[in-house]
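Everything below belongs to upload04.pdb, which stores PDB, C-alpha atoms, pLDDT in the B column.
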ATOM      1  CA  MET A  99       4.906 -80.123 -77.504  1.00 94.00           C
ATOM      2  CA  SER A 100       6.960 -81.643 -74.690  1.00 96.00           C
ATOM      3  CA  TYR A 101      10.749 -81.838 -74.892  1.00 97.00           C
ATOM      4  CA  LEU A 102      10.462 -85.656 -74.986  1.00 97.00           C
ATOM      5  CA  ASN A 103       8.086 -85.535 -77.965  1.00 97.00           C
ATOM      6  CA  PHE A 104      10.475 -83.116 -79.663  1.00 97.00           C
ATOM      7  CA  LEU A 105      13.310 -85.638 -79.298  1.00 97.00           C
ATOM      8  CA  ILE A 106      11.161 -88.516 -80.555  1.00 97.00           C
ATOM      9  CA  ILE A 107      10.120 -86.594 -83.673  1.00 97.00           C
ATOM     10  CA  PHE A 108      13.187 -84.572 -84.610  1.00 97.00           C
ATOM     11  CA  LEU A 109      15.935 -86.981 -83.500  1.00 97.00           C
ATOM     12  CA  GLY A 110      14.020 -90.248 -83.521  1.00 97.00           C
ATOM     13  CA  ILE A 111      12.910 -90.077 -87.161  1.00 96.00           C
ATOM     14  CA  PRO A 112      16.391 -89.688 -88.719  1.00 97.00           C
ATOM     15  CA  LEU A 113      17.753 -92.333 -86.333  1.00 98.00           C
ATOM     16  CA  ALA A 114      14.972 -94.701 -87.430  1.00 97.00           C
ATOM     17  CA  PHE A 115      16.608 -94.700 -90.877  1.00 96.00           C
ATOM     18  CA  LEU A 116      20.272 -94.490 -89.881  1.00 97.00           C
ATOM     19  CA  ILE A 117      20.344 -97.224 -87.222  1.00 97.00           C
ATOM     20  CA  PRO A 118      18.939 -99.987 -89.480  1.00 96.00           C
ATOM     21  CA  PHE A 119      21.408 -98.941 -92.197  1.00 96.00           C
ATOM     22  CA  TYR A 120      24.263 -99.277 -89.708  1.00 96.00           C
ATOM     23  CA  LYS A 121      23.060-102.668 -88.468  1.00 94.00           C
ATOM     24  CA  LEU A 122      22.680-104.096 -91.981  1.00 94.00           C
ATOM     25  CA  SER A 123      25.933-102.628 -93.269  1.00 92.00           C
ATOM     26  CA  LYS A 124      28.983-104.834 -93.690  1.00 87.00           C
ATOM     27  CA  SER A 125      31.555-102.062 -93.997  1.00 85.00           C
ATOM     28  CA  GLN A 126      35.042-102.883 -92.726  1.00 84.00           C
ATOM     29  CA  SER A 127      35.042 -99.648 -90.719  1.00 87.00           C
ATOM     30  CA  LYS A 128      31.843-100.507 -88.830  1.00 92.00           C
ATOM     31  CA  LYS A 129      33.653-101.337 -85.590  1.00 91.00           C
ATOM     32  CA  GLU A 130      35.799 -98.182 -85.735  1.00 92.00           C
ATOM     33  CA  PHE A 131      32.755 -95.985 -86.192  1.00 95.00           C
ATOM     34  CA  PHE A 132      30.927 -97.709 -83.327  1.00 95.00           C
ATOM     35  CA  TRP A 133      33.745 -97.089 -80.854  1.00 94.00           C
ATOM     36  CA  GLY A 134      34.326 -93.608 -82.228  1.00 95.00           C
ATOM     37  CA  ILE A 135      30.703 -92.688 -81.547  1.00 96.00           C
ATOM     38  CA  VAL A 136      30.852 -94.236 -78.065  1.00 96.00           C
ATOM     39  CA  VAL A 137      33.966 -92.233 -77.183  1.00 95.00           C
ATOM     40  CA  LEU A 138      32.411 -89.029 -78.528  1.00 97.00           C
ATOM     41  CA  ILE A 139      29.221 -89.579 -76.512  1.00 97.00           C
ATOM     42  CA  ILE A 140      31.241 -89.942 -73.309  1.00 97.00           C
ATOM     43  CA  LEU A 141      33.252 -86.820 -74.107  1.00 96.00           C
ATOM     44  CA  ALA A 142      30.170 -84.837 -75.160  1.00 96.00           C
ATOM     45  CA  VAL A 143      28.247 -85.569 -71.956  1.00 97.00           C
ATOM     46  CA  THR A 144      31.276 -85.007 -69.736  1.00 97.00           C
ATOM     47  CA  TYR A 145      32.396 -81.777 -71.388  1.00 97.00           C
ATOM     48  CA  THR A 146      28.949 -80.245 -72.006  1.00 97.00           C
ATOM     49  CA  THR A 147      27.220 -80.996 -68.688  1.00 97.00           C
ATOM     50  CA  PRO A 148      28.880 -78.346 -66.451  1.00 97.00           C
ATOM     51  CA  TRP A 149      28.788 -75.758 -69.242  1.00 98.00           C
ATOM     52  CA  ASP A 150      25.084 -76.290 -69.964  1.00 98.00           C
ATOM     53  CA  ASN A 151      24.210 -76.274 -66.261  1.00 98.00           C
ATOM     54  CA  TYR A 152      25.915 -72.886 -66.002  1.00 98.00           C
ATOM     55  CA  LEU A 153      23.866 -71.545 -68.921  1.00 98.00           C
ATOM     56  CA  VAL A 154      20.575 -72.545 -67.322  1.00 97.00           C
ATOM     57  CA  ALA A 155      21.636 -71.416 -63.838  1.00 97.00           C
ATOM     58  CA  THR A 156      22.492 -67.939 -65.151  1.00 97.00           C
ATOM     59  CA  LYS A 157      19.322 -67.714 -67.318  1.00 97.00           C
ATOM     60  CA  VAL A 158      21.149 -67.623 -70.627  1.00 97.00           C
ATOM     61  CA  TRP A 159      18.506 -70.110 -71.692  1.00 97.00           C
ATOM     62  CA  TRP A 160      15.665 -71.808 -69.877  1.00 96.00           C
ATOM     63  CA  TYR A 161      12.977 -74.399 -70.483  1.00 95.00           C
ATOM     64  CA  GLY A 162       9.238 -74.645 -69.933  1.00 91.00           C
ATOM     65  CA  PRO A 163       8.845 -76.490 -66.604  1.00 92.00           C
ATOM     66  CA  ASP A 164       5.693 -78.164 -67.923  1.00 94.00           C
ATOM     67  CA  ARG A 165       7.557 -79.455 -71.001  1.00 96.00           C
ATOM     68  CA  VAL A 166      10.169 -81.676 -69.306  1.00 97.00           C
ATOM     69  CA  LEU A 167      10.215 -84.881 -67.280  1.00 96.00           C
ATOM     70  CA  GLY A 168      12.548 -83.476 -64.650  1.00 95.00           C
ATOM     71  CA  THR A 169      16.057 -82.140 -64.193  1.00 96.00           C
ATOM     72  CA  ILE A 170      19.524 -83.312 -63.196  1.00 96.00           C
ATOM     73  CA  GLY A 171      21.156 -80.276 -61.703  1.00 96.00           C
ATOM     74  CA  TYR A 172      19.685 -77.310 -63.549  1.00 97.00           C
ATOM     75  CA  VAL A 173      19.323 -79.075 -66.890  1.00 97.00           C
ATOM     76  CA  PRO A 174      16.325 -81.117 -68.140  1.00 97.00           C
ATOM     77  CA  ILE A 175      16.801 -84.864 -68.406  1.00 97.00           C
ATOM     78  CA  GLU A 176      15.885 -84.601 -72.082  1.00 97.00           C
ATOM     79  CA  GLU A 177      18.783 -82.196 -72.656  1.00 97.00           C
ATOM     80  CA  TYR A 178      21.282 -84.870 -71.648  1.00 97.00           C
ATOM     81  CA  SER A 179      19.541 -87.204 -74.090  1.00 97.00           C
ATOM     82  CA  PHE A 180      19.975 -84.530 -76.767  1.00 97.00           C
ATOM     83  CA  PHE A 181      23.781 -84.624 -76.271  1.00 96.00           C
ATOM     84  CA  VAL A 182      23.733 -88.368 -76.886  1.00 97.00           C
ATOM     85  CA  LEU A 183      21.209 -88.488 -79.727  1.00 98.00           C
ATOM     86  CA  GLN A 184      22.796 -85.644 -81.695  1.00 98.00           C
ATOM     87  CA  THR A 185      26.175 -87.367 -81.474  1.00 98.00           C
ATOM     88  CA  ILE A 186      24.684 -90.665 -82.665  1.00 98.00           C
ATOM     89  CA  MET A 187      22.726 -88.984 -85.468  1.00 98.00           C
ATOM     90  CA  THR A 188      25.675 -87.047 -86.879  1.00 98.00           C
ATOM     91  CA  GLY A 189      28.002 -90.008 -86.322  1.00 97.00           C
ATOM     92  CA  LEU A 190      25.755 -92.473 -88.155  1.00 98.00           C
ATOM     93  CA  TRP A 191      25.217 -89.915 -90.915  1.00 98.00           C
ATOM     94  CA  CYS A 192      28.998 -89.838 -91.339  1.00 97.00           C
ATOM     95  CA  TYR A 193      29.007 -93.648 -91.427  1.00 96.00           C
ATOM     96  CA  PHE A 194      26.334 -93.613 -94.138  1.00 96.00           C
ATOM     97  CA  LEU A 195      28.291 -91.070 -96.184  1.00 96.00           C
ATOM     98  CA  GLN A 196      31.545 -93.034 -96.030  1.00 93.00           C
ATOM     99  CA  SER A 197      29.734 -95.899 -97.727  1.00 91.00           C
ATOM    100  CA  LYS A 198      29.336 -93.549-100.707  1.00 92.00           C
ATOM    101  CA  ILE A 199      32.502 -91.459-100.380  1.00 93.00           C
ATOM    102  CA  THR A 200      35.826 -93.240 -99.933  1.00 89.00           C
ATOM    103  CA  LEU A 201      37.474 -92.405 -96.617  1.00 90.00           C
ATOM    104  CA  ASN A 202      41.155 -91.815 -97.307  1.00 89.00           C
ATOM    105  CA  LYS A 203      43.233 -93.210 -94.436  1.00 86.00           C
ATOM    106  CA  SER A 204      46.650 -92.839 -96.069  1.00 85.00           C
ATOM    107  CA  GLN A 205      49.304 -90.611 -94.527  1.00 82.00           C
ATOM    108  CA  PRO A 206      48.500 -87.107 -95.846  1.00 84.00           C
ATOM    109  CA  ARG A 207      50.959 -84.492 -97.031  1.00 82.00           C
ATOM    110  CA  THR A 208      51.464 -81.251 -95.122  1.00 81.00           C
ATOM    111  CA  ASN A 209      48.873 -78.728 -96.264  1.00 84.00           C
ATOM    112  CA  PRO A 210      49.253 -74.947 -95.671  1.00 89.00           C
ATOM    113  CA  MET A 211      45.481 -74.743 -95.186  1.00 90.00           C
ATOM    114  CA  LYS A 212      45.956 -76.429 -91.811  1.00 92.00           C
ATOM    115  CA  LYS A 213      47.881 -73.395 -90.494  1.00 91.00           C
ATOM    116  CA  VAL A 214      45.243 -71.008 -91.855  1.00 94.00           C
ATOM    117  CA  ILE A 215      42.381 -72.813 -90.123  1.00 94.00           C
ATOM    118  CA  THR A 216      44.392 -73.249 -86.921  1.00 94.00           C
ATOM    119  CA  THR A 217      45.019 -69.493 -86.843  1.00 94.00           C
ATOM    120  CA  PHE A 218      41.328 -68.898 -87.522  1.00 95.00           C
ATOM    121  CA  TYR A 219      40.346 -71.027 -84.509  1.00 96.00           C
ATOM    122  CA  PHE A 220      42.768 -69.098 -82.289  1.00 95.00           C
ATOM    123  CA  ALA A 221      41.103 -65.850 -83.424  1.00 96.00           C
ATOM    124  CA  ILE A 222      37.629 -67.258 -82.772  1.00 97.00           C
ATOM    125  CA  PHE A 223      38.701 -68.327 -79.283  1.00 97.00           C
ATOM    126  CA  ALA A 224      39.963 -64.792 -78.581  1.00 97.00           C
ATOM    127  CA  LEU A 225      36.603 -63.428 -79.749  1.00 97.00           C
ATOM    128  CA  GLY A 226      34.853 -65.846 -77.416  1.00 97.00           C
ATOM    129  CA  VAL A 227      36.905 -64.714 -74.419  1.00 97.00           C
ATOM    130  CA  TYR A 228      36.149 -61.078 -75.272  1.00 97.00           C
ATOM    131  CA  GLY A 229      32.435 -61.880 -75.484  1.00 97.00           C
ATOM    132  CA  LEU A 230      32.422 -63.136 -71.903  1.00 97.00           C
ATOM    133  CA  PHE A 231      32.880 -59.538 -70.728  1.00 97.00           C
ATOM    134  CA  VAL A 232      30.172 -57.943 -72.908  1.00 97.00           C
ATOM    135  CA  GLU A 233      26.592 -58.506 -71.783  1.00 97.00           C
ATOM    136  CA  ASN A 234      24.919 -58.967 -75.168  1.00 96.00           C
ATOM    137  CA  LEU A 235      27.827 -61.148 -76.348  1.00 97.00           C
ATOM    138  CA  THR A 236      27.749 -63.418 -73.299  1.00 97.00           C
ATOM    139  CA  TYR A 237      26.048 -66.411 -74.923  1.00 98.00           C
ATOM    140  CA  LEU A 238      28.198 -66.114 -78.044  1.00 98.00           C
ATOM    141  CA  GLY A 239      31.313 -65.833 -75.894  1.00 98.00           C
ATOM    142  CA  LEU A 240      30.347 -68.876 -73.838  1.00 98.00           C
ATOM    143  CA  ILE A 241      29.818 -70.942 -76.981  1.00 98.00           C
ATOM    144  CA  LEU A 242      33.060 -69.930 -78.674  1.00 98.00           C
ATOM    145  CA  ALA A 243      35.245 -70.104 -75.568  1.00 98.00           C
ATOM    146  CA  TRP A 244      33.814 -73.553 -74.799  1.00 98.00           C
ATOM    147  CA  ALA A 245      33.919 -75.094 -78.284  1.00 98.00           C
ATOM    148  CA  THR A 246      37.026 -73.688 -79.953  1.00 97.00           C
ATOM    149  CA  PRO A 247      39.629 -75.347 -77.664  1.00 97.00           C
ATOM    150  CA  VAL A 248      38.242 -78.739 -78.706  1.00 97.00           C
ATOM    151  CA  LEU A 249      38.011 -77.806 -82.381  1.00 97.00           C
ATOM    152  CA  LEU A 250      41.506 -76.343 -82.260  1.00 96.00           C
ATOM    153  CA  LEU A 251      42.996 -79.433 -80.598  1.00 95.00           C
ATOM    154  CA  GLN A 252      41.328 -81.713 -83.154  1.00 95.00           C
ATOM    155  CA  TRP A 253      42.664 -79.584 -85.993  1.00 95.00           C
ATOM    156  CA  ILE A 254      46.196 -79.454 -84.584  1.00 93.00           C
ATOM    157  CA  ILE A 255      46.241 -83.241 -84.146  1.00 92.00           C
ATOM    158  CA  GLY A 256      44.841 -84.199 -87.534  1.00 92.00           C
ATOM    159  CA  GLY A 257      43.778 -81.240 -89.631  1.00 92.00           C
ATOM    160  CA  GLN A 258      45.658 -82.664 -92.598  1.00 93.00           C
ATOM    161  CA  TYR A 259      43.395 -85.736 -92.522  1.00 94.00           C
ATOM    162  CA  LEU A 260      40.291 -83.530 -92.553  1.00 95.00           C
ATOM    163  CA  ILE A 261      41.598 -81.600 -95.552  1.00 94.00           C
ATOM    164  CA  GLN A 262      42.391 -84.882 -97.290  1.00 93.00           C
ATOM    165  CA  ASN A 263      38.789 -86.013 -96.683  1.00 95.00           C
ATOM    166  CA  LEU A 264      37.248 -82.578 -97.239  1.00 95.00           C
ATOM    167  CA  LYS A 265      34.136 -83.715 -99.131  1.00 96.00           C
ATOM    168  CA  LEU A 266      33.208 -86.270 -96.488  1.00 96.00           C
ATOM    169  CA  PHE A 267      34.016 -83.789 -93.720  1.00 97.00           C
ATOM    170  CA  LEU A 268      31.812 -81.021 -95.154  1.00 97.00           C
ATOM    171  CA  LEU A 269      28.904 -83.341 -95.920  1.00 97.00           C
ATOM    172  CA  THR A 270      29.122 -84.838 -92.432  1.00 97.00           C
ATOM    173  CA  PHE A 271      28.444 -81.624 -90.530  1.00 97.00           C
ATOM    174  CA  ILE A 272      26.553 -79.311 -92.916  1.00 98.00           C
ATOM    175  CA  PRO A 273      23.264 -81.264 -93.474  1.00 98.00           C
ATOM    176  CA  PRO A 274      22.801 -82.180 -89.760  1.00 98.00           C
ATOM    177  CA  THR A 275      23.507 -78.549 -88.832  1.00 98.00           C
ATOM    178  CA  LEU A 276      20.883 -77.204 -91.226  1.00 98.00           C
ATOM    179  CA  TYR A 277      18.402 -79.821 -90.017  1.00 98.00           C
ATOM    180  CA  LEU A 278      18.962 -78.969 -86.349  1.00 98.00           C
ATOM    181  CA  TRP A 279      18.606 -75.256 -87.123  1.00 98.00           C
ATOM    182  CA  LEU A 280      15.075 -75.982 -88.321  1.00 97.00           C
ATOM    183  CA  ALA A 281      14.374 -78.190 -85.297  1.00 97.00           C
ATOM    184  CA  ASP A 282      15.725 -75.573 -82.879  1.00 97.00           C
ATOM    185  CA  ALA A 283      13.730 -72.800 -84.548  1.00 97.00           C
ATOM    186  CA  TYR A 284      10.580 -74.843 -84.043  1.00 97.00           C
ATOM    187  CA  ALA A 285      11.404 -75.571 -80.389  1.00 97.00           C
ATOM    188  CA  ILE A 286      11.916 -71.855 -79.685  1.00 96.00           C
ATOM    189  CA  HIS A 287       8.726 -70.960 -81.540  1.00 95.00           C
ATOM    190  CA  ASP A 288       6.806 -73.536 -79.489  1.00 95.00           C
ATOM    191  CA  GLN A 289       8.537 -72.313 -76.284  1.00 95.00           C
ATOM    192  CA  ILE A 290       9.914 -75.726 -75.394  1.00 96.00           C
ATOM    193  CA  TRP A 291      12.947 -73.660 -74.474  1.00 96.00           C
ATOM    194  CA  SER A 292      13.727 -69.953 -74.612  1.00 96.00           C
ATOM    195  CA  ILE A 293      16.868 -67.918 -75.200  1.00 97.00           C
ATOM    196  CA  SER A 294      17.689 -64.758 -73.229  1.00 96.00           C
ATOM    197  CA  GLU A 295      17.432 -61.489 -75.136  1.00 95.00           C
ATOM    198  CA  VAL A 296      19.737 -59.811 -72.595  1.00 97.00           C
ATOM    199  CA  PHE A 297      22.720 -62.105 -73.192  1.00 97.00           C
ATOM    200  CA  THR A 298      22.390 -62.357 -76.985  1.00 97.00           C
ATOM    201  CA  THR A 299      23.084 -60.036 -79.906  1.00 97.00           C
ATOM    202  CA  GLY A 300      19.514 -60.013 -81.184  1.00 95.00           C
ATOM    203  CA  ILE A 301      20.677 -61.166 -84.613  1.00 96.00           C
ATOM    204  CA  LYS A 302      18.399 -63.917 -85.912  1.00 95.00           C
ATOM    205  CA  ILE A 303      17.960 -66.198 -88.892  1.00 94.00           C
ATOM    206  CA  VAL A 304      14.172 -65.923 -89.123  1.00 89.00           C
ATOM    207  CA  ASN A 305      13.404 -66.651 -85.433  1.00 90.00           C
ATOM    208  CA  LEU A 306      16.611 -68.563 -84.696  1.00 96.00           C
ATOM    209  CA  PRO A 307      19.153 -66.575 -82.640  1.00 97.00           C
ATOM    210  CA  ILE A 308      22.546 -66.521 -84.339  1.00 98.00           C
ATOM    211  CA  GLU A 309      24.049 -67.945 -81.145  1.00 98.00           C
ATOM    212  CA  GLU A 310      21.891 -71.072 -81.451  1.00 98.00           C
ATOM    213  CA  ALA A 311      22.876 -71.442 -85.094  1.00 98.00           C
ATOM    214  CA  ILE A 312      26.551 -71.239 -84.109  1.00 98.00           C
ATOM    215  CA  PHE A 313      26.017 -73.715 -81.260  1.00 98.00           C
ATOM    216  CA  PHE A 314      24.724 -76.441 -83.559  1.00 98.00           C
ATOM    217  CA  LEU A 315      27.412 -75.627 -86.107  1.00 98.00           C
ATOM    218  CA  VAL A 316      30.266 -76.067 -83.615  1.00 98.00           C
ATOM    219  CA  THR A 317      28.789 -79.151 -81.937  1.00 98.00           C
ATOM    220  CA  ASN A 318      28.381 -80.915 -85.269  1.00 98.00           C
ATOM    221  CA  LEU A 319      31.890 -79.807 -86.213  1.00 98.00           C
ATOM    222  CA  MET A 320      33.224 -81.405 -83.026  1.00 97.00           C
ATOM    223  CA  VAL A 321      31.456 -84.676 -83.846  1.00 98.00           C
ATOM    224  CA  ALA A 322      32.482 -84.665 -87.518  1.00 97.00           C
ATOM    225  CA  GLN A 323      36.124 -83.808 -86.829  1.00 97.00           C
ATOM    226  CA  GLY A 324      36.393 -86.148 -83.866  1.00 96.00           C
ATOM    227  CA  LEU A 325      34.825 -89.148 -85.589  1.00 96.00           C
ATOM    228  CA  ILE A 326      36.738 -88.841 -88.852  1.00 96.00           C
ATOM    229  CA  LEU A 327      40.011 -88.435 -86.961  1.00 95.00           C
ATOM    230  CA  PHE A 328      39.212 -91.404 -84.718  1.00 94.00           C
ATOM    231  CA  VAL A 329      38.640 -93.653 -87.725  1.00 93.00           C
ATOM    232  CA  VAL A 330      41.497 -92.496 -89.965  1.00 91.00           C
ATOM    233  CA  MET A 331      44.056 -92.240 -87.173  1.00 85.00           C
ATOM    234  CA  GLU A 332      43.169 -95.462 -85.386  1.00 72.00           C
ATOM    235  CA  LYS A 333      46.076 -97.321 -87.007  1.00 61.00           C
ATOM    236  CA  GLU A 334      48.452 -94.518 -86.007  1.00 61.00           C
ATOM    237  CA  VAL A 335      47.276 -94.790 -82.395  1.00 56.00           C
ATOM    238  CA  GLU A 336      47.692 -98.577 -82.492  1.00 55.00           C
ATOM    239  CA  LYS A 337      51.261 -98.175 -83.790  1.00 54.00           C
ATOM    240  CA  VAL A 338      52.135 -95.875 -80.890  1.00 46.00           C
ATOM    241  CA  LEU A 339      50.546 -98.212 -78.323  1.00 45.00           C
ATOM    242  CA  ASN A 340      52.267-101.283 -79.788  1.00 52.00           C
ATOM    243  CA  PHE A 341      55.589 -99.452 -79.776  1.00 43.00           C
ATOM    244  CA  LYS A 342      55.159 -98.565 -76.087  1.00 45.00           C
ATOM    245  CA  ARG A 343      54.252-102.174 -75.280  1.00 49.00           C
ATOM    246  CA  ARG A 344      57.388-103.439 -77.010  1.00 51.00           C
ATOM    247  CA  LEU A 345      59.492-100.717 -75.373  1.00 49.00           C
ATOM    248  CA  PHE A 346      58.404-101.564 -71.830  1.00 51.00           C
ATOM    249  CA  ALA A 347      57.937-105.313 -72.274  1.00 51.00           C
TER     250      ALA A 347
END

Could you take the file, read its structure, and then write that structure out as structure tokens?
Amino acid sequence: MSYLNFLIIFLGIPLAFLIPFYKLSKSQSKKEFFWGIVVLIILAVTYTTPWDNYLVATKVWWYGPDRVLGTIGYVPIEEYSFFVLQTIMTGLWCYFLQSKITLNKSQPRTNPMKKVITTFYFAIFALGVYGLFVENLTYLGLILAWATPVLLLQWIIGGQYLIQNLKLFLLTFIPPTLYLWLADAYAIHDQIWSISEVFTTGIKIVNLPIEEAIFFLVTNLMVAQGLILFVVMEKEVEKVLNFKRRLFA
């Protein structure tokens, strides 16, 4: 299977259900979710592109040359599409869920769990930095050192909102993560892309390297956290902007 066919099947099919739902929906938060997804796509492509090019350039992972349309830098064109499509898929899944689960936008109370999770992310970042200096932890280190600053920043800014909307938050990132684990396992089995055995721990879930499982976990976490915070904190951002306008008018 080509990388393009993989995208059409594994990303195209869920989007074929989610996009019509979004278009037909009349939710009041429709506009907020649209712009939230757009912002996240821009950030995902910008932030992931140099990192992913480094991975391919250093042979942490590679692709079958006969499976892709071409490359931009070291990375297949389809890989850039994956950044975009995954963000849309998880984002629209969140939009679908909030039609069933009320999204609480009220000012939340301080929750001690926020400090616990913030501390956890700091520890994970330290583990990622350590992994950069150990050969078989290289891929794991690159993932954690790349992803945790974003996750940490999101949690510091609005972790209390995520706790307040815990059910929606968990259901936003867990199902897409499990689904993409299956898709990734198939792609590796079919050799659409391959993962280095030198730079990985060798720990696998069936044939899925633990590093790949963690990658899709953290990327869906970034989308889920970022989108929920964008929607629930939009009014807070508007208040700050309006205050600045009045201040400097």

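Nearest residue to Val227 in chain A, choosing from A:Ala245, A:Leu264, A:Leu201, A:Ile215 and counting all atoms listed in the file: A:Ala245.
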
To verify the selection step, state as a PyMOL selection string which residues the PyMOL selection byres ((chain A and resi 274-286) around 8) yields on this input.
chain A and resi 104+108+188+270-273+287-293+305-306+310-311+314-315+318

Set the distance at 12 Å and use only C-alpha atoms: which residues neighbour Pro174 in chain A once local chain neighbours fewer than 4 positions away are removed? I'd like the list as a short mmCIF file (atom, residue, chain, number, x, y, z; two decimals) with C-alpha atoms, in the frame of the given file.
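Saved file part-v1.cif follows:
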data_model
loop_
_atom_site.label_atom_id
_atom_site.label_comp_id
_atom_site.auth_asym_id
_atom_site.auth_seq_id
_atom_site.Cartn_x
_atom_site.Cartn_y
_atom_site.Cartn_z
CA SER A 100 6.96 -81.64 -74.69
CA TYR A 101 10.75 -81.84 -74.89
CA LEU A 102 10.46 -85.66 -74.99
CA THR A 147 27.22 -81.00 -68.69
CA ASP A 150 25.08 -76.29 -69.96
CA ASN A 151 24.21 -76.27 -66.26
CA VAL A 154 20.58 -72.54 -67.32
CA ALA A 155 21.64 -71.42 -63.84
CA TRP A 159 18.51 -70.11 -71.69
CA TRP A 160 15.66 -71.81 -69.88
CA TYR A 161 12.98 -74.40 -70.48
CA GLY A 162 9.24 -74.64 -69.93
CA PRO A 163 8.85 -76.49 -66.60
CA ASP A 164 5.69 -78.16 -67.92
CA ARG A 165 7.56 -79.46 -71.00
CA VAL A 166 10.17 -81.68 -69.31
CA LEU A 167 10.22 -84.88 -67.28
CA GLY A 168 12.55 -83.48 -64.65
CA THR A 169 16.06 -82.14 -64.19
CA ILE A 170 19.52 -83.31 -63.20
CA TYR A 178 21.28 -84.87 -71.65
CA SER A 179 19.54 -87.20 -74.09
CA PHE A 180 19.98 -84.53 -76.77
CA PHE A 181 23.78 -84.62 -76.27
CA ILE A 290 9.91 -75.73 -75.39
CA TRP A 291 12.95 -73.66 -74.47
#

Taking the file above as input, evaluate the PyMOL selection byres ((chain A and resi 123-134) around 8) and report the hits as a PyMOL selection string.
chain A and resi 119-122+135-138+189+193+197+324-325+328-329+332

Please produce a file of the residues just selected, as a PDB file, in the coordinates of the input, where the atoms kept are C-alpha atoms.
ATOM      1  CA  PHE A 119      21.408 -98.941 -92.197  1.00 96.00           C
ATOM      2  CA  TYR A 120      24.263 -99.277 -89.708  1.00 96.00           C
ATOM      3  CA  LYS A 121      23.060-102.668 -88.468  1.00 94.00           C
ATOM      4  CA  LEU A 122      22.680-104.096 -91.981  1.00 94.00           C
ATOM      5  CA  ILE A 135      30.703 -92.688 -81.547  1.00 96.00           C
ATOM      6  CA  VAL A 136      30.852 -94.236 -78.065  1.00 96.00           C
ATOM      7  CA  VAL A 137      33.966 -92.233 -77.183  1.00 95.00           C
ATOM      8  CA  LEU A 138      32.411 -89.029 -78.528  1.00 97.00           C
ATOM      9  CA  GLY A 189      28.002 -90.008 -86.322  1.00 97.00           C
ATOM     10  CA  TYR A 193      29.007 -93.648 -91.427  1.00 96.00           C
ATOM     11  CA  SER A 197      29.734 -95.899 -97.727  1.00 91.00           C
ATOM     12  CA  GLY A 324      36.393 -86.148 -83.866  1.00 96.00           C
ATOM     13  CA  LEU A 325      34.825 -89.148 -85.589  1.00 96.00           C
ATOM     14  CA  PHE A 328      39.212 -91.404 -84.718  1.00 94.00           C
ATOM     15  CA  VAL A 329      38.640 -93.653 -87.725  1.00 93.00           C
ATOM     16  CA  GLU A 332      43.169 -95.462 -85.386  1.00 72.00           C
TER      17      GLU A 332
END

Please determine, counting all atoms listed in the file, which residue among A:Thr208, A:Thr299, A:Thr236, A:Thr246 has the shortest atom-to-atom distance to Ile222 in chain A.
A:Thr246
